[in-house]
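Pasting start36.pdb here (PDB, C-alpha atoms, pLDDT in the B column):
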MODEL        1
ATOM      1  CA  MET D   1     126.902  -0.806 112.701  1.00 41.00           C
ATOM      2  CA  LYS D   2     128.031   1.309 115.648  1.00 45.00           C
ATOM      3  CA  ALA D   3     129.222   4.151 113.412  1.00 53.00           C
ATOM      4  CA  LEU D   4     125.697   4.776 112.102  1.00 81.00           C
ATOM      5  CA  PHE D   5     124.254   5.313 115.577  1.00 91.00           C
ATOM      6  CA  ASN D   6     125.452   8.130 117.850  1.00 87.00           C
ATOM      7  CA  GLU D   7     123.787   7.130 121.122  1.00 95.00           C
ATOM      8  CA  GLU D   8     122.654   3.908 122.758  1.00 97.00           C
ATOM      9  CA  ALA D   9     121.131   2.607 125.982  1.00 97.00           C
ATOM     10  CA  GLU D  10     120.553  -0.956 127.177  1.00 97.00           C
ATOM     11  CA  THR D  11     117.813  -2.188 129.510  1.00 97.00           C
ATOM     12  CA  ARG D  12     117.273  -5.880 130.305  1.00 96.00           C
ATOM     13  CA  GLY D  13     118.851  -7.067 127.070  1.00 97.00           C
ATOM     14  CA  ILE D  14     117.032  -4.518 124.898  1.00 98.00           C
ATOM     15  CA  THR D  15     119.374  -1.995 123.233  1.00 98.00           C
ATOM     16  CA  VAL D  16     118.015   1.249 121.776  1.00 98.00           C
ATOM     17  CA  ARG D  17     120.326   2.968 119.277  1.00 98.00           C
ATOM     18  CA  VAL D  18     119.736   6.460 117.874  1.00 98.00           C
ATOM     19  CA  SER D  19     121.026   8.383 114.870  1.00 97.00           C
ATOM     20  CA  VAL D  20     119.945  11.991 114.185  1.00 96.00           C
ATOM     21  CA  SER D  21     119.955  14.034 110.974  1.00 96.00           C
ATOM     22  CA  TYR D  22     119.154  17.721 110.618  1.00 97.00           C
ATOM     23  CA  LEU D  23     116.620  18.395 107.833  1.00 97.00           C
ATOM     24  CA  PRO D  24     117.563  21.748 106.237  1.00 96.00           C
ATOM     25  CA  GLU D  25     115.022  21.298 103.425  1.00 97.00           C
ATOM     26  CA  GLN D  26     112.153  21.178 105.967  1.00 96.00           C
ATOM     27  CA  SER D  27     113.534  23.791 108.364  1.00 97.00           C
ATOM     28  CA  GLU D  28     112.678  27.481 108.194  1.00 96.00           C
ATOM     29  CA  PRO D  29     115.042  29.288 110.589  1.00 95.00           C
ATOM     30  CA  ASP D  30     113.642  32.675 109.517  1.00 95.00           C
ATOM     31  CA  ARG D  31     110.270  31.491 110.849  1.00 96.00           C
ATOM     32  CA  GLY D  32     111.675  29.833 113.970  1.00 96.00           C
ATOM     33  CA  ARG D  33     111.255  26.235 112.766  1.00 97.00           C
ATOM     34  CA  TRP D  34     113.944  23.558 112.746  1.00 97.00           C
ATOM     35  CA  PHE D  35     113.378  19.866 111.890  1.00 97.00           C
ATOM     36  CA  TRP D  36     115.354  16.706 112.558  1.00 97.00           C
ATOM     37  CA  ALA D  37     114.866  13.085 111.576  1.00 97.00           C
ATOM     38  CA  TYR D  38     115.852  10.397 114.031  1.00 97.00           C
ATOM     39  CA  HIS D  39     116.482   6.760 113.215  1.00 97.00           C
ATOM     40  CA  ILE D  40     115.854   4.305 116.037  1.00 98.00           C
ATOM     41  CA  ARG D  41     116.971   0.679 116.122  1.00 98.00           C
ATOM     42  CA  ILE D  42     115.634  -1.517 118.926  1.00 98.00           C
ATOM     43  CA  GLU D  43     117.645  -4.741 119.310  1.00 98.00           C
ATOM     44  CA  ASN D  44     116.491  -7.675 121.406  1.00 98.00           C
ATOM     45  CA  ASP D  45     119.453  -9.530 122.889  1.00 97.00           C
ATOM     46  CA  GLY D  46     117.245 -10.952 125.645  1.00 95.00           C
ATOM     47  CA  PRO D  47     115.875 -14.494 126.006  1.00 95.00           C
ATOM     48  CA  SER D  48     112.239 -13.849 125.033  1.00 96.00           C
ATOM     49  CA  THR D  49     110.115 -12.009 122.499  1.00 98.00           C
ATOM     50  CA  VAL D  50     108.993  -8.550 123.619  1.00 98.00           C
ATOM     51  CA  GLN D  51     106.304  -6.212 122.336  1.00 98.00           C
ATOM     52  CA  LEU D  52     106.618  -2.436 122.331  1.00 98.00           C
ATOM     53  CA  LEU D  53     103.292  -1.078 123.613  1.00 98.00           C
ATOM     54  CA  THR D  54     103.790   2.635 124.322  1.00 98.00           C
ATOM     55  CA  ARG D  55     106.340   5.431 124.041  1.00 98.00           C
ATOM     56  CA  HIS D  56     107.124   8.404 126.247  1.00 98.00           C
ATOM     57  CA  TRP D  57     109.323  11.241 124.986  1.00 98.00           C
ATOM     58  CA  ILE D  58     110.666  14.283 126.791  1.00 98.00           C
ATOM     59  CA  ILE D  59     111.625  16.921 124.221  1.00 98.00           C
ATOM     60  CA  THR D  60     113.632  19.914 125.474  1.00 98.00           C
ATOM     61  CA  ASP D  61     114.238  22.965 123.307  1.00 97.00           C
ATOM     62  CA  GLY D  62     117.227  25.300 123.436  1.00 97.00           C
ATOM     63  CA  ARG D  63     115.471  27.540 125.975  1.00 97.00           C
ATOM     64  CA  GLY D  64     114.981  24.631 128.384  1.00 97.00           C
ATOM     65  CA  HIS D  65     111.240  24.279 127.739  1.00 97.00           C
ATOM     66  CA  GLN D  66     110.160  20.652 128.031  1.00 98.00           C
ATOM     67  CA  HIS D  67     107.366  18.942 126.145  1.00 96.00           C
ATOM     68  CA  SER D  68     106.177  15.440 127.036  1.00 98.00           C
ATOM     69  CA  VAL D  69     104.740  13.160 124.343  1.00 96.00           C
ATOM     70  CA  GLU D  70     103.073   9.833 125.109  1.00 97.00           C
ATOM     71  CA  GLY D  71     101.310   7.436 122.802  1.00 97.00           C
ATOM     72  CA  GLU D  72     100.745   3.896 121.646  1.00 98.00           C
ATOM     73  CA  GLY D  73     103.521   2.158 119.755  1.00 97.00           C
ATOM     74  CA  VAL D  74     105.828   3.828 117.251  1.00 97.00           C
ATOM     75  CA  VAL D  75     105.038   4.930 113.683  1.00 95.00           C
ATOM     76  CA  GLY D  76     101.616   3.285 113.952  1.00 95.00           C
ATOM     77  CA  GLU D  77     102.962  -0.092 115.049  1.00 97.00           C
ATOM     78  CA  GLN D  78     103.332  -2.068 118.275  1.00 98.00           C
ATOM     79  CA  PRO D  79     106.133  -4.319 117.043  1.00 98.00           C
ATOM     80  CA  MET D  80     106.959  -7.774 118.383  1.00 98.00           C
ATOM     81  CA  ILE D  81     110.735  -8.214 118.559  1.00 98.00           C
ATOM     82  CA  ALA D  82     112.027 -11.780 118.820  1.00 98.00           C
ATOM     83  CA  PRO D  83     115.330 -12.688 120.498  1.00 98.00           C
ATOM     84  CA  GLY D  84     118.196 -11.798 118.161  1.00 98.00           C
ATOM     85  CA  ALA D  85     115.947  -9.570 116.028  1.00 98.00           C
ATOM     86  CA  SER D  86     115.671  -5.799 115.735  1.00 98.00           C
ATOM     87  CA  PHE D  87     113.097  -3.194 114.718  1.00 98.00           C
ATOM     88  CA  ASP D  88     114.000   0.040 112.928  1.00 98.00           C
ATOM     89  CA  TYR D  89     111.960   3.155 112.337  1.00 98.00           C
ATOM     90  CA  VAL D  90     112.456   6.792 111.412  1.00 97.00           C
ATOM     91  CA  SER D  91     110.468   9.734 112.730  1.00 97.00           C
ATOM     92  CA  ARG D  92     110.838  13.518 112.892  1.00 96.00           C
ATOM     93  CA  CYS D  93     110.939  16.238 115.517  1.00 96.00           C
ATOM     94  CA  PRO D  94     110.327  19.961 115.042  1.00 96.00           C
ATOM     95  CA  LEU D  95     111.678  22.585 117.432  1.00 97.00           C
ATOM     96  CA  ALA D  96     111.282  26.342 117.757  1.00 97.00           C
ATOM     97  CA  THR D  97     115.019  26.658 118.555  1.00 97.00           C
ATOM     98  CA  PRO D  98     118.120  25.492 116.619  1.00 97.00           C
ATOM     99  CA  THR D  99     119.194  23.244 119.490  1.00 97.00           C
ATOM    100  CA  GLY D 100     117.563  20.857 121.925  1.00 97.00           C
ATOM    101  CA  ASN D 101     117.459  17.225 122.932  1.00 98.00           C
ATOM    102  CA  MET D 102     115.182  14.223 123.272  1.00 98.00           C
ATOM    103  CA  GLN D 103     115.068  11.266 125.624  1.00 98.00           C
ATOM    104  CA  GLY D 104     112.450   8.890 126.888  1.00 98.00           C
ATOM    105  CA  SER D 105     111.329   5.311 127.278  1.00 98.00           C
ATOM    106  CA  TYR D 106     109.332   2.533 125.665  1.00 98.00           C
ATOM    107  CA  HIS D 107     106.980   0.391 127.728  1.00 98.00           C
ATOM    108  CA  MET D 108     107.329  -3.230 126.677  1.00 98.00           C
ATOM    109  CA  VAL D 109     105.795  -6.515 127.690  1.00 98.00           C
ATOM    110  CA  ALA D 110     107.634  -9.832 127.671  1.00 97.00           C
ATOM    111  CA  GLU D 111     106.144 -13.186 126.616  1.00 95.00           C
ATOM    112  CA  ASP D 112     105.388 -14.011 130.260  1.00 95.00           C
ATOM    113  CA  GLY D 113     103.248 -10.872 130.525  1.00 96.00           C
ATOM    114  CA  GLU D 114     105.723  -8.882 132.614  1.00 96.00           C
ATOM    115  CA  GLY D 115     105.804  -5.199 131.675  1.00 98.00           C
ATOM    116  CA  PHE D 116     108.949  -3.086 131.886  1.00 98.00           C
ATOM    117  CA  ASP D 117     110.327   0.233 130.663  1.00 98.00           C
ATOM    118  CA  VAL D 118     113.269   0.456 128.264  1.00 98.00           C
ATOM    119  CA  ALA D 119     115.381   3.618 128.253  1.00 98.00           C
ATOM    120  CA  ILE D 120     115.772   5.715 125.111  1.00 98.00           C
ATOM    121  CA  PRO D 121     119.152   7.484 125.384  1.00 98.00           C
ATOM    122  CA  LYS D 122     119.284  11.256 125.492  1.00 97.00           C
ATOM    123  CA  PHE D 123     120.354  12.646 122.131  1.00 97.00           C
ATOM    124  CA  ALA D 124     121.116  16.138 120.913  1.00 96.00           C
ATOM    125  CA  LEU D 125     119.222  18.057 118.221  1.00 97.00           C
ATOM    126  CA  LEU D 126     121.733  20.509 116.777  1.00 96.00           C
ATOM    127  CA  ALA D 127     121.287  22.594 113.650  1.00 95.00           C
ATOM    128  CA  PRO D 128     124.544  23.380 111.865  1.00 90.00           C
ATOM    129  CA  ALA D 129     125.829  26.900 112.412  1.00 77.00           C
ATOM    130  CA  VAL D 130     124.838  29.262 109.628  1.00 55.00           C
ATOM    131  CA  ALA D 131     127.610  31.502 108.328  1.00 43.00           C
ATOM    132  CA  GLY D 132     126.466  35.091 108.469  1.00 41.00           C
TER     133      GLY D 132
ENDMDL
END
Would you write out, as structure tokens, the structure that this file holds?
Amino acid sequence: MKALFNEEAETRGITVRVSVSYLPEQSEPDRGRWFWAYHIRIENDGPSTVQLLTRHWIITDGRGHQHSVEGEGVVGEQPMIAPGASFDYVSRCPLATPTGNMQGSYHMVAEDGEGFDVAIPKFALLAPAVAG
């Protein structure tokens, strides 16, 4: 399982794993557009069920420009994740540069009503070098 995911972070028994793929078929370098897909797995190794309520991303392009994205849930869901269970989803990120990175956090609530933030590890967005 570890080989699939490049980066991971753990907060209070919740592990977030990330795998990134460059999408050449959706990218248009001549027009200054590069796309990546990222696969996230959220594993609950804690003692109680948690619900993912919101997400906060910080997306940095190759020029150092940062863009903050906040919203409810992920891919239209606010998943409940029981102890020992996991939730997977795939999303995409466009950039105006061939390199960049993403990082962020999920706001979750435990069964007892306590809210807490779970770290999303920083991961690189790197387009393969084009032979010229």
How would you write, as an MDAnalysis selection string, the residues chosen by the PyMOL selection byres ((chain D and resi 44) around 9) on this structure?
chainID D and resid 13:15 42:43 45:50 81:87
Extract, using only C-alpha atoms, all DNA, RNA and protein residues at most 10 Å from region 111-127 of chain D, discarding same-chain residues fewer than 4 positions from it, and format them as a VMD selection string.
chain D and resid 6 to 24 27 29 34 to 38 40 42 47 to 62 80 82 93 to 95 97 to 107
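CA of His39 (chain D) lies 9.5 Å from CA of Leu4 (chain D).
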Any chance you could tabulate, as a Markdown table, the residues of region 89-109 of chain D at most 8 Å from region 72-76 of chain D with each one's nearest atom pair and distance in Å to one decimal, using only C-alpha atoms, in chain and rising number order?
| residue | atom | partner | partner_atom | distance |
| --- | --- | --- | --- | --- |
| D:Tyr89 | CA | D:Val75 | CA | 7.3 |
| D:Val90 | CA | D:Val75 | CA | 8.0 |
| D:Ser91 | CA | D:Val75 | CA | 7.3 |
Put those residues in a file: C-alpha atoms, as an mmCIF file, keeping the file's coordinate frame.
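Wrote again_8.cif, looks like this:
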data_model
loop_
_atom_site.group_PDB
_atom_site.id
_atom_site.type_symbol
_atom_site.label_atom_id
_atom_site.label_comp_id
_atom_site.auth_asym_id
_atom_site.auth_seq_id
_atom_site.Cartn_x
_atom_site.Cartn_y
_atom_site.Cartn_z
ATOM 1 C CA TYR D 89 111.960 3.155 112.337
ATOM 2 C CA VAL D 90 112.456 6.792 111.412
ATOM 3 C CA SER D 91 110.468 9.734 112.730
#
Expressed in Å, the length from CA of Pro128 (chain D) to CA of Arg63 (chain D) is 17.3 Å
Could you check how far CA of Gly64 (chain D) sits from CA of Gly32 (chain D), in Å to one decimal?
15.7 Å
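Remark: for Arg41 (chain D), the closest of the candidate residues D:Phe5, D:Ala96, D:Ala129, D:Pro79 is D:Phe5 (distances computed over all atoms listed in the file).
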Which of these residues is nearest to Gln26 (chain D), using all atoms listed in the file: D:Glu77, D:His65, D:Arg92, D:Glu70?
D:Arg92
